[in-house]
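*Asks:* Sharing a structure below in structure tokens format, with a few things to ask.
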Amino acid sequence: MIGRLLKRLSIAEVLLALSVLVLVVVVAVPVFLIFWTALFVDGSMNIDDIVKILSEPDTYEALKNSIVIAAGVTVCSTILGVFFAWLVSRTDLPFKNTMKLLFLVPFMLPSFIGALAWKMLLSPYSGYINKFLMNTFDLADPPFDIFTLWGIIAVETMYLFPFVFIQVSGALERMDPTLEESARISGAGLLTITRRITLPLMLPSIGAGALLVALYSLAHFGVPAILGNEVGIYIIPTKIYEKLHQSAGSFTAIRTGTILASILVISAGLILWAQSAILKSGRFQVIAGKSMRPMLLKLRGLKYPLLLVSVIYLAVTVLLPTATIFLVGGLKTYGLELTMENMTLDNLKYILFEWQMTKDSIWNSFYLSLAAAFVTMLVGTLISYVIVKMKIRGKFILEFLGVLPFSVPGTVIALGVILTWSGKFGINIYNTAWIIFVAYIARYMAFSLKSNSAALEQVHDSLEEAARACGATHWQALKDIVIPLIKPGMVAAFFLIFLPALRELTTSVLLYGPTTRTIGVAIYTLNEDGETVYAATLASVALVIIVIGHFLIKRVTRTSNEGV
Amino acid sequence: MSYVHLKNVTKRFGDVVAVNNLTMEIEKGECFSMLGPSGCGKTTTLRMIAGFEDLDEGEIAVGERVFSSSAKRYYLPPEKRDFGMVFQAFAVWPHLNVFDNVAFPLQIRNLSRADIAERAKLALRHTGLDKYERSYPNELSSGQKQRIALARAIAINPTVMLLDEPLSNLDPKLREEMRFEIKDLQRKFGFTIIFVTHDQSEAMALSDRILVMRDGVVQQVDSPINIYTKPANRFIFSFIGLSNFLPVVFRNGSAFIEGAEDAGPIAGTIPADRGNDRMLLACRPSEIDLQKDGGVRALVKRKVYLGDIIDYRVMVGDTEVRVQKSRRSPSFSEGESCCLRFSQMHWYPHEDS
Ligand SMILES: Nc1ncnc2c1ncn2[C@@H]1O[C@H](COP(=O)(O)OP(=O)(O)OP(=O)(O)O)[C@@H](O)[C@H]1O
Ligand SMILES: [Mg+2]
């Protein structure tokens, strides 16, 4: 019966239907349910209720904090990112190419692990740096307090500024240097040129990077949770988490959650819309022509001081936290001096081989990331193929649905899958690994679509048509021509999902059950339970896995690119 | 009294000597071209004059004033030199409209609003852009973009105008048009032009004098006509216009094309210095006459019509010679035998000797 139906449909129609189905089930239904739950009570729209919930002190406070933190992080990341980008691409800073790579390293360090380290260093009385300063200078009060809005902003900035850095340094390198030189010969000094020529020309890239930071910061869970929850500073994602956890899923809690989540989705949508509008302004295309020798500012006496500043910045934001995690992870008990005789390998042995909870978490993260990366990569290839290559009626539905994954933050996805998969439609996978798996697919679909459609756009239509003209069926053309050509894009998509999923926290923290903690969740809950040392030990394991993972990607993507 | 002086200027990039011991003197109001193949150091020279590059050796002065000196480690920054400069890739600022692009150098000089408007409008009028004041560069054609760059350069009424292949991003017809416009502007404003190009016809059409460069070394500085008719060496001869190079041997006071001694001697004056009895005869295809008899015997191998001229390949023994004749002169057909007379001969040492 189904076989006969399939025969009547063309392969194109089947693929389209399948793609639409996946996106509807995985992304559209959860998002729709969130809006629905937020807006309707017992089947009728209830705006008064929404206003009431939003004006409750704690939700109102969370909204305000979200805006303050996102704005602060965006401003600070933009300043840092632009400054460092300018330093490595427009000055004669020594070791520029190495520095350029090093400035991307903060991306590798999961920000919630960074937050954990900063908590160990700068929490008011027990932080190592505070203790050191109080002892050395005989201070009565700790000089730093990381559990503040400023602390959260500072830590997020450390790990998010590369978004701006990448955008701006790329744009500066692509910019035609004669645009600046002609201003110079017109009589303008370097300051004037920077203010009136370079900065305005860089504005779209700066804006795009800044909006990316804003989007990320708004939806980010780890840093504000670790540094804010203890002292009652909440933002939207951590408030949603708190509501769900404290009230064990009561309806009012879920409703507050969905209202906050709706606000997140709408803000994310607005940010993405602004970003594409900025990038579309073609007036600013300043790609260089023949001679590509940018005008480098001679730093002269400032050369080595500025290099030192950059190196110190990286040491403080990357090396110091990493070292802290590894050292604290090896301590016999939290609070001891960081000396050799206080170190032990027992913690490592315990979490790797003895403690079921941590052992589970590593295993869970591994197979969930692998499975999610594999499935999302394949489904993403299918959907991108239909969007990029097929001429078929009804494609616009898919194009519309395809944009959705980009604008749905992790917290929203988690809440959405809870609404969808806890029995409402006859399937209840709450508290199982399956719900995390489904959420990961929704969360990382955007990465897969981006990577796959980029690869597919490279494959000219005529290649497939030539195969069809030679007598190949649509399926054969796909299998023998298209798939081999886009394989590098698929491999890239796989790793683009696998690595972030391995360290995921925002989504899984709302979805985990007794036996389905991921590494991120385990580190987070250990920290929450005051098991700081074990949290650090597990975090060091995570860091090692991440570094090995990045190393492997480099090798695998290199060989798979050589294959083409 | 010359105006722009370069004295023994040398510039190195690592192991590459981009400009090697260059000395040149440019008169006030002159149109001076630097011509040479890609990578010979033209842009580097221009950028040193503009002040974008320091010198490894030598000195650059304008009028009485030293602008760059490697000995004194003194470099007047580009923004203080009051030059106009036009780049190959236009370099108009996409975020400013046409008027603001042109007004920028005037605003930098803190002129009054009225002055700025007046001088910018003058520059726009002279470049035919007055209609486009409020347009943005991306709404304009490439020719118009290059006009913005020109207008911006002349707005400050500079004494020296530096042009780095300003026409090579334009299509051929526009290129010729712009040549005349640049010349016109020079007449009106009286600035000195230093013009960089690798297109010899462009240099010929525009310049009072041409400097030919190769691998950072000056080959010849002369008027266009002298560069064409009295090239100082073989490189210049082949770089400017079409050329034949024929190996020649001397026997009993006569010159023969090597390997084709039985085709008869070459008529005309033979150089006094004959090397080792072997030299290279250089001549342009248009300066060879094709005749029924009298001259070096040859065979027409191929004949192609190029509009008004006919392009022949004729064989003297095993040596191919290219000849171009007007359509109106007596015509030969393929396979026919003929005789060659060389009217303008240039002699250069043979490669092997
Ligand atoms: N900033 C630089 N760094 C290293 N090498 C350079 C630099 N600028 C120029 N060169 C080298 O110096 C030589 C001369 O370059 P230049 O740009 O002056 O040539 P050009 O005559 O303008 O050539 P073109 O006709 O291609 O523009 C080249 O070998 C070039 O590679
Ligand atoms: Mg050049």
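Chain labels A, B, ... are given in the sequence in which chains occur in the structure tokens; within each chain residues are numbered consecutively from 1, and ligands are likewise numbered from 1 in the order shown.
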Once you count only C-alpha atoms and all ligand atoms, which residues end up within 6 Å of ligand 1, and could you hand them over as a CSV table (one decimal) with C-alpha atoms, in the first residue's frame?
*Replies:*
chain,number,residue,atom,x,y,z
B,13,PHE,CA,62.2,44.1,-0.1
B,18,ALA,CA,62.7,46.6,-6.3
B,37,PRO,CA,56.9,45.3,-17.5
B,38,SER,CA,55.1,44.0,-14.4
B,39,GLY,CA,57.2,43.8,-11.3
B,40,CYS,CA,59.9,46.2,-12.5
B,41,GLY,CA,59.5,48.6,-9.6
B,42,LYS,CA,57.2,51.4,-11.1
B,43,THR,CA,54.7,51.3,-8.3
B,44,THR,CA,57.4,51.1,-5.7
B,198,HIS,CA,52.9,49.1,-18.5
*Asks:* Looking only at the backbone, which of the residues in region 174-297 of chain B does DSSP tag as strand (DSSP E or B), as a ChimeraX atom specification?
*Replies:* /B:192-197,209-214,217-222,244-251,254-257,275,278-283,288-291,296-297
*Asks:* Give me the residues near Val4 (chain B) as a PyMOL selection string, where near means some atom within 6 Å (using only C-alpha atoms) and where sequence neighbours in that chain fewer than 4 positions away do not count.
*Replies:* chain B and resi 25-26+61-62
*Asks:* I'd like the neighbourhood of region 161-169 of chain B as a list in words, where a residue qualifies if any of its atoms comes within 6 Å (using only C-alpha atoms), though same-chain residues fewer than 4 positions away should be ignored.
*Replies:*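 So the residues in contact are Phe83, Gly84, Met85, Val86, Phe87, Gln88, Arg175, Thr192, Ile193, Ile194, Phe195, Val196 and Thr197 of chain B.
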*Asks:* Set the distance at 10 Å and use only C-alpha atoms: which residues neighbour Val314 (chain B) once local chain neighbours fewer than 2 positions away are removed? I'd like the list as a ChimeraX atom specification.
*Replies:* /B:290,297-303,311-312,316-323,334-340
*Asks:* Please write the residues from the selection above to a file, keeping C-alpha atoms, as a PDB file, in the first residue's frame.
*Replies:*
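Heads up, here's the output in part.pdb:
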ATOM      1  CA  LEU B 290      58.673  44.070 -49.731  1.00  0.00           C
ATOM      2  CA  ARG B 297      65.582  37.067 -51.161  1.00  0.00           C
ATOM      3  CA  ALA B 298      62.691  35.566 -49.225  1.00  0.00           C
ATOM      4  CA  LEU B 299      59.517  33.500 -49.551  1.00  0.00           C
ATOM      5  CA  VAL B 300      56.055  34.594 -48.363  1.00  0.00           C
ATOM      6  CA  LYS B 301      54.824  31.943 -45.949  1.00  0.00           C
ATOM      7  CA  ARG B 302      51.647  33.454 -44.538  1.00  0.00           C
ATOM      8  CA  LYS B 303      49.562  36.518 -45.207  1.00  0.00           C
ATOM      9  CA  ASP B 311      50.674  41.125 -41.886  1.00  0.00           C
ATOM     10  CA  TYR B 312      53.208  38.900 -43.700  1.00  0.00           C
ATOM     11  CA  VAL B 316      64.724  34.012 -45.235  1.00  0.00           C
ATOM     12  CA  GLY B 317      66.273  30.564 -45.176  1.00  0.00           C
ATOM     13  CA  ASP B 318      65.069  29.186 -41.854  1.00  0.00           C
ATOM     14  CA  THR B 319      64.565  32.602 -40.245  1.00  0.00           C
ATOM     15  CA  GLU B 320      61.075  34.002 -40.041  1.00  0.00           C
ATOM     16  CA  VAL B 321      60.615  37.746 -40.537  1.00  0.00           C
ATOM     17  CA  ARG B 322      57.449  39.656 -39.794  1.00  0.00           C
ATOM     18  CA  VAL B 323      56.523  42.439 -42.199  1.00  0.00           C
ATOM     19  CA  GLU B 334      51.448  33.102 -50.095  1.00  0.00           C
ATOM     20  CA  GLY B 335      54.192  31.002 -51.681  1.00  0.00           C
ATOM     21  CA  GLU B 336      55.429  33.878 -53.833  1.00  0.00           C
ATOM     22  CA  SER B 337      59.089  34.865 -53.638  1.00  0.00           C
ATOM     23  CA  CYS B 338      60.055  38.441 -52.803  1.00  0.00           C
ATOM     24  CA  CYS B 339      62.915  40.635 -51.643  1.00  0.00           C
ATOM     25  CA  LEU B 340      63.372  42.478 -48.354  1.00  0.00           C
TER      26      LEU B 340
END
*Asks:* May I ask you to extract the residues of chain B within 6 Å of chain A, using only C-alpha atoms, and to give them as a PyMOL selection string?
*Replies:* chain B and resi 78-79+91+94+105
*Asks:* Can you list, as a ChimeraX atom specification, all residues belonging to region 2-112 of chain A that DSSP tags as alpha helix (DSSP H)?
*Replies:* /A:2-8,11-23,29-39,47-55,57-90,96-102,111-112
*Asks:* Give me the residues near Tyr125 (chain A) as a PyMOL selection string, where near means some atom within 8 Å (using only C-alpha atoms) and where sequence neighbours in that chain fewer than 4 positions away do not count.
*Replies:* chain A and resi 130-131+142
*Asks:* Keeping only N, CA, C and O atoms, take the residues you just selected and write them out as a PDB file, in the first residue's frame.
*Replies:*
ATOM      1  N   ASN A 130      41.810  36.537  45.444  1.00  0.00           N
ATOM      2  CA  ASN A 130      41.366  37.381  46.550  1.00  0.00           C
ATOM      3  C   ASN A 130      42.120  37.054  47.838  1.00  0.00           C
ATOM      4  O   ASN A 130      42.585  37.944  48.547  1.00  0.00           O
ATOM      5  N   LYS A 131      42.247  35.737  48.121  1.00  0.00           N
ATOM      6  CA  LYS A 131      42.955  35.349  49.345  1.00  0.00           C
ATOM      7  C   LYS A 131      44.393  35.856  49.322  1.00  0.00           C
ATOM      8  O   LYS A 131      44.895  36.419  50.292  1.00  0.00           O
ATOM      9  N   PRO A 142      37.749  41.491  50.503  1.00  0.00           N
ATOM     10  CA  PRO A 142      38.283  40.996  49.233  1.00  0.00           C
ATOM     11  C   PRO A 142      38.183  42.078  48.160  1.00  0.00           C
ATOM     12  O   PRO A 142      37.141  42.742  48.072  1.00  0.00           O
TER      13      PRO A 142
END
*Asks:* So that I can see what lies close to Leu404 (chain A), please list as number ranges by chain the residues with an atom at most 10 Å from it, counting only C-alpha atoms and leaving out residues fewer than 5 positions away in the same chain.
*Replies:* A: 23, 27-28, 31, 265, 269, 398-399, 442, 445-446
*Asks:* Could you check the closest approach to Pro285 (chain B) for each of B:Ala272, B:Ala71, B:Met345, B:Ala151 and tell me which residue wins, using only C-alpha atoms?
*Replies:*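 Of the candidates, the smallest distance to Pro285 (chain B) is held by B:Met345.
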